[in-house]
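Participant: What follows is a single structure, and I will ask about it in a moment.
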Amino acid sequence: MKRFKDCLLFVLSVFLILGAVAHSKDLPRLPSGPDCPGSFGAYYTHLKYSPLWDKPWRVGDYADVVVRFDDGGHKFVFWRGTSYIPCWVTDTGVWYTNEFVERRGHHSPNTEGCVEPMSDKQCRFSHVRVIENNDARVVVHWRYAPVDVRYEHPFIDPETGWSDWVDEYYTIYPNAAGVRKITVHTTRPDKWCEFQEAIVVNQPGTLPDDNIEYGAVSLANMKGESKTYVWTEDGGPDFDEGPALANIVKVNLKGKLQPFAAAAPPEKGKLITPYSGHGRRSHFNWWDHWPVSQVASDGRGATTADRPSHSSLCHIGLPGMATAEWKPYASGEDWITKIMLNGMTNKDVADLVPLAKSWLEPAELKVEGSACKSEGYDPTQMAYVLQFTRPGASLNFTLAADKDSPVVNPAFVIKNWGDRDVQLEINGAKAAKGRDFRSGVRRNLESTDLVVWVKVETTEPMKVSLPASK
């Protein structure tokens, strides 16, 4: 009799598994455009999810933005289903975001719960537009107002009627790396405000464990010391041992490329802290009130994988804890700006240190001659900025790279370049336009500027020349 029961249970389990697999194949997938590589650039499009979900949306043919890359199927996506919260998408279809600006509902008299763009289910106050789009780089502007699930705004100024608004600019280069510049405009910059949380988005039909390695988070500091932290049946671990003053995080998803982020290192303490606990049937926390869901909820724990869900792993500079401060890049009476590196990589977390150094301690640029002047390195766009004073002349400069200030895939913005063609020489050798040398034109009201991106990494001085027009 026992053997019969065991066989019956085995047969039932097989049918349940087969049924779940068949059901998962019928579920819609979060849309991100073609799975294959494509010409680098930002594309306006209309991403479709399912007929039932798509039908109520009152939008046109160019509602969403997808950034594609020509060296892989990974993408950077701004989609209505995530309230335009931007997500890196792996070649295997796993989504990831570095979050947004979040406020506490009880800090403002008219709001409750989580005050964030996740709560803006209809994208009433969340918008995206492409600012630059050329062969050298893409710049996308995401503007939103944090709200609660009742669409109430926090910290309303009684004199002007303005509440919190956020401007985020994403400058992305062809190697899927760039800078996130976040500015929150608020009458209460002193109140709790979160700027980053590592969040994985799970496709319908998948558990977090299907998408995230159990060694989910790797941290590194500027010395190259690193550690990978493992999630267990008890959930997330404490980041109690590991690299001191860690400021680089890589999230280990199942795919060829994984997302990473970095900020300026703290002077003391921990900048990066874990998200503890776990959800049902998983080593990881997971909730299904976002994305896609239109239900007015900001904290619904997932119990099944029949809809999209998300999992939080860690934070950079979470306020209100015994953590190191993530210092603002700039601030004023009613605004705060923070910046961070972000992107996709196939490297170990310690191998991202040169990139972080090139951003935090960039090599000095020394201009030769008087045809141009340097405006220095701008970390908010991950680029050296120069201003032509004699358009049409040759431009020559040296990057004084060394082991403490390496050059890693540098970008140059040359103001007032004009419409002329560009040639590039590095250490006397002519560079051919292609994947390793890209240029684009940025037109604005004041000038026509040149943007150049070069795939090169060195700790030796590098001479760069842009010859005069013929």
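Simple scheme: letters A, B, ... for chains in structure tokens order, numbers from 1 for residues in each chain, numbers from 1 for ligands in the order shown.
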Go through region 163-322 of chain A and collect every residue that DSSP, computed from the backbone, puts in strand (DSSP E or B); the answer should be as a ChimeraX atom specification.

Facilitator: /A:165-172,177-185,193-194,197-202,212-220,226-229,232,235,248-253,258-262,272-274,287,301,309-316

Participant: Which parts of region 69-307 of chain A does DSSP call helix (DSSP H, G or I) when run on the backbone here, written out as an MDAnalysis selection string?

Facilitator: chainID A and resid 80:82 105:107 117:119 208:211

Participant: Just to be explicit: take each residue in the selection above, keep N, CA and C atoms, and write the result as a tab-separated table (two decimals), in the first residue's frame.

Facilitator:
```tsv
chain	number	residue	atom	x	y	z
A	80	ARG	N	6.33	51.42	-19.75
A	80	ARG	CA	5.18	51.80	-18.93
A	80	ARG	C	4.86	50.78	-17.86
A	81	GLY	N	5.10	49.51	-18.15
A	81	GLY	CA	4.78	48.45	-17.19
A	81	GLY	C	5.60	48.49	-15.92
A	82	THR	N	6.75	49.18	-15.98
A	82	THR	CA	7.55	49.40	-14.77
A	82	THR	C	7.43	50.84	-14.29
A	105	GLY	N	5.99	57.74	3.54
A	105	GLY	CA	4.67	58.35	3.53
A	105	GLY	C	4.33	59.07	4.81
A	106	HIS	N	4.74	58.56	5.96
A	106	HIS	CA	4.33	59.17	7.22
A	106	HIS	C	5.11	60.45	7.53
A	107	HIS	N	6.11	60.80	6.70
A	107	HIS	CA	6.85	62.04	6.90
A	107	HIS	C	6.11	63.25	6.34
A	117	PRO	N	7.86	56.13	-7.51
A	117	PRO	CA	7.25	55.93	-8.83
A	117	PRO	C	6.63	54.54	-9.02
A	118	MET	N	7.01	53.55	-8.20
A	118	MET	CA	6.34	52.25	-8.26
A	118	MET	C	4.83	52.38	-8.06
A	119	SER	N	4.44	53.37	-7.25
A	119	SER	CA	3.02	53.55	-6.95
A	119	SER	C	2.26	54.24	-8.08
A	208	PRO	N	12.42	33.90	-8.05
A	208	PRO	CA	13.70	34.59	-7.97
A	208	PRO	C	14.88	33.65	-8.11
A	209	ASP	N	14.74	32.44	-7.55
A	209	ASP	CA	15.84	31.47	-7.60
A	209	ASP	C	16.16	31.02	-9.02
A	210	ASP	N	15.22	31.18	-9.94
A	210	ASP	CA	15.46	30.84	-11.34
A	210	ASP	C	16.33	31.88	-12.04
A	211	ASN	N	16.40	33.08	-11.48
A	211	ASN	CA	17.05	34.20	-12.15
A	211	ASN	C	18.31	34.70	-11.45
```

Participant: What separation in Å, quoted to one decimal, exists between CA of Gly33 (chain A) and CA of Asp306 (chain A)?

Facilitator: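 Atom-to-atom, CA of Gly33 (chain A) to CA of Asp306 (chain A), that is 21.7 Å.
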
Participant: Would you pick out the contacts of region 163-170 of chain A at 8 Å or less, using only C-alpha atoms, so that residues sharing its chain but fewer than 5 positions from it are not included, and give the list as a ChimeraX atom specification?

Facilitator: /A:101,138-146,153-157,178-187

Participant: Put those residues in a file: C-alpha atoms, as a compact mmCIF listing (two decimals), in the first residue's frame.

Facilitator:
```txt
# COMPACT_ATOMS: atom_id res chain seq x y z
CA VAL A 101 13.97 58.30 -5.26
CA VAL A 138 22.83 57.95 -25.58
CA VAL A 139 21.37 60.33 -22.99
CA VAL A 140 17.88 59.63 -21.65
CA HIS A 141 15.94 61.89 -19.28
CA TRP A 142 13.46 60.30 -16.87
CA ARG A 143 11.30 62.79 -14.94
CA TYR A 144 8.82 61.68 -12.27
CA ALA A 145 7.04 62.65 -9.09
CA PRO A 146 7.10 60.20 -6.17
CA HIS A 153 2.22 63.97 -3.47
CA PRO A 154 4.53 64.54 -0.50
CA PHE A 155 5.84 67.81 0.96
CA ILE A 156 3.55 70.19 -0.95
CA ASP A 157 4.80 73.75 -0.69
CA GLY A 178 27.47 55.01 -17.96
CA VAL A 179 26.32 57.42 -15.28
CA ARG A 180 23.03 57.88 -13.49
CA LYS A 181 22.58 61.50 -12.35
CA ILE A 182 19.72 61.92 -9.86
CA THR A 183 18.34 65.27 -8.73
CA VAL A 184 15.43 65.45 -6.28
CA HIS A 185 13.65 68.82 -5.97
CA THR A 186 11.97 69.04 -2.57
CA THR A 187 11.03 71.45 0.19
```

Participant: Select, from A:Asp351, A:Leu313, A:Ala264, A:His289, the residue with the minimum atom-to-atom distance to Val230 (chain A), counting only C-alpha atoms.

Facilitator: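 Ranking A:Asp351, A:Leu313, A:Ala264, A:His289 by distance to Val230 (chain A), first place goes to A:Leu313.
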
Participant: Excluding region 327-332 of chain A and residues on its chain fewer than 4 positions from it, collect all residues at most 12 Å away from it, counting only C-alpha atoms, and give them as a PyMOL selection string.

Facilitator: chain A and resi 180-190+193+195+263-267+271+316-319+323+336-340+360+378-380

Participant: Rounded to one decimal place, report the CA of Lys223 (chain A)-CA of Val353 (chain A) distance in Å.

Facilitator: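 Computing the Euclidean distance for CA of Lys223 (chain A) and CA of Val353 (chain A) yields 7.7 Å.
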
Participant: Would you list the contacts of Thr398 (chain A) as a list in words, taking every protein, DNA or RNA residue within 7 Å and counting only C-alpha atoms, but skipping same-chain residues closer than 4 positions in sequence?

Facilitator: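 Counting only the stated atoms, we get Leu365, Lys366, Val367, Pro461, Met462, Lys463 and Val464 of chain A.
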
Participant: Go ahead and dump the residues you just picked, C-alpha atoms, as a tab-separated table (two decimals), in the first residue's frame.

Facilitator:
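Listing of again_8.tsv after writing:
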```
chain	number	residue	atom	x	y	z
A	365	LEU	CA	43.97	66.14	-19.47
A	366	LYS	CA	46.67	68.54	-20.72
A	367	VAL	CA	45.89	70.55	-23.85
A	461	PRO	CA	50.22	58.49	-20.68
A	462	MET	CA	48.15	58.63	-23.87
A	463	LYS	CA	48.46	61.29	-26.55
A	464	VAL	CA	45.29	62.08	-28.50
```
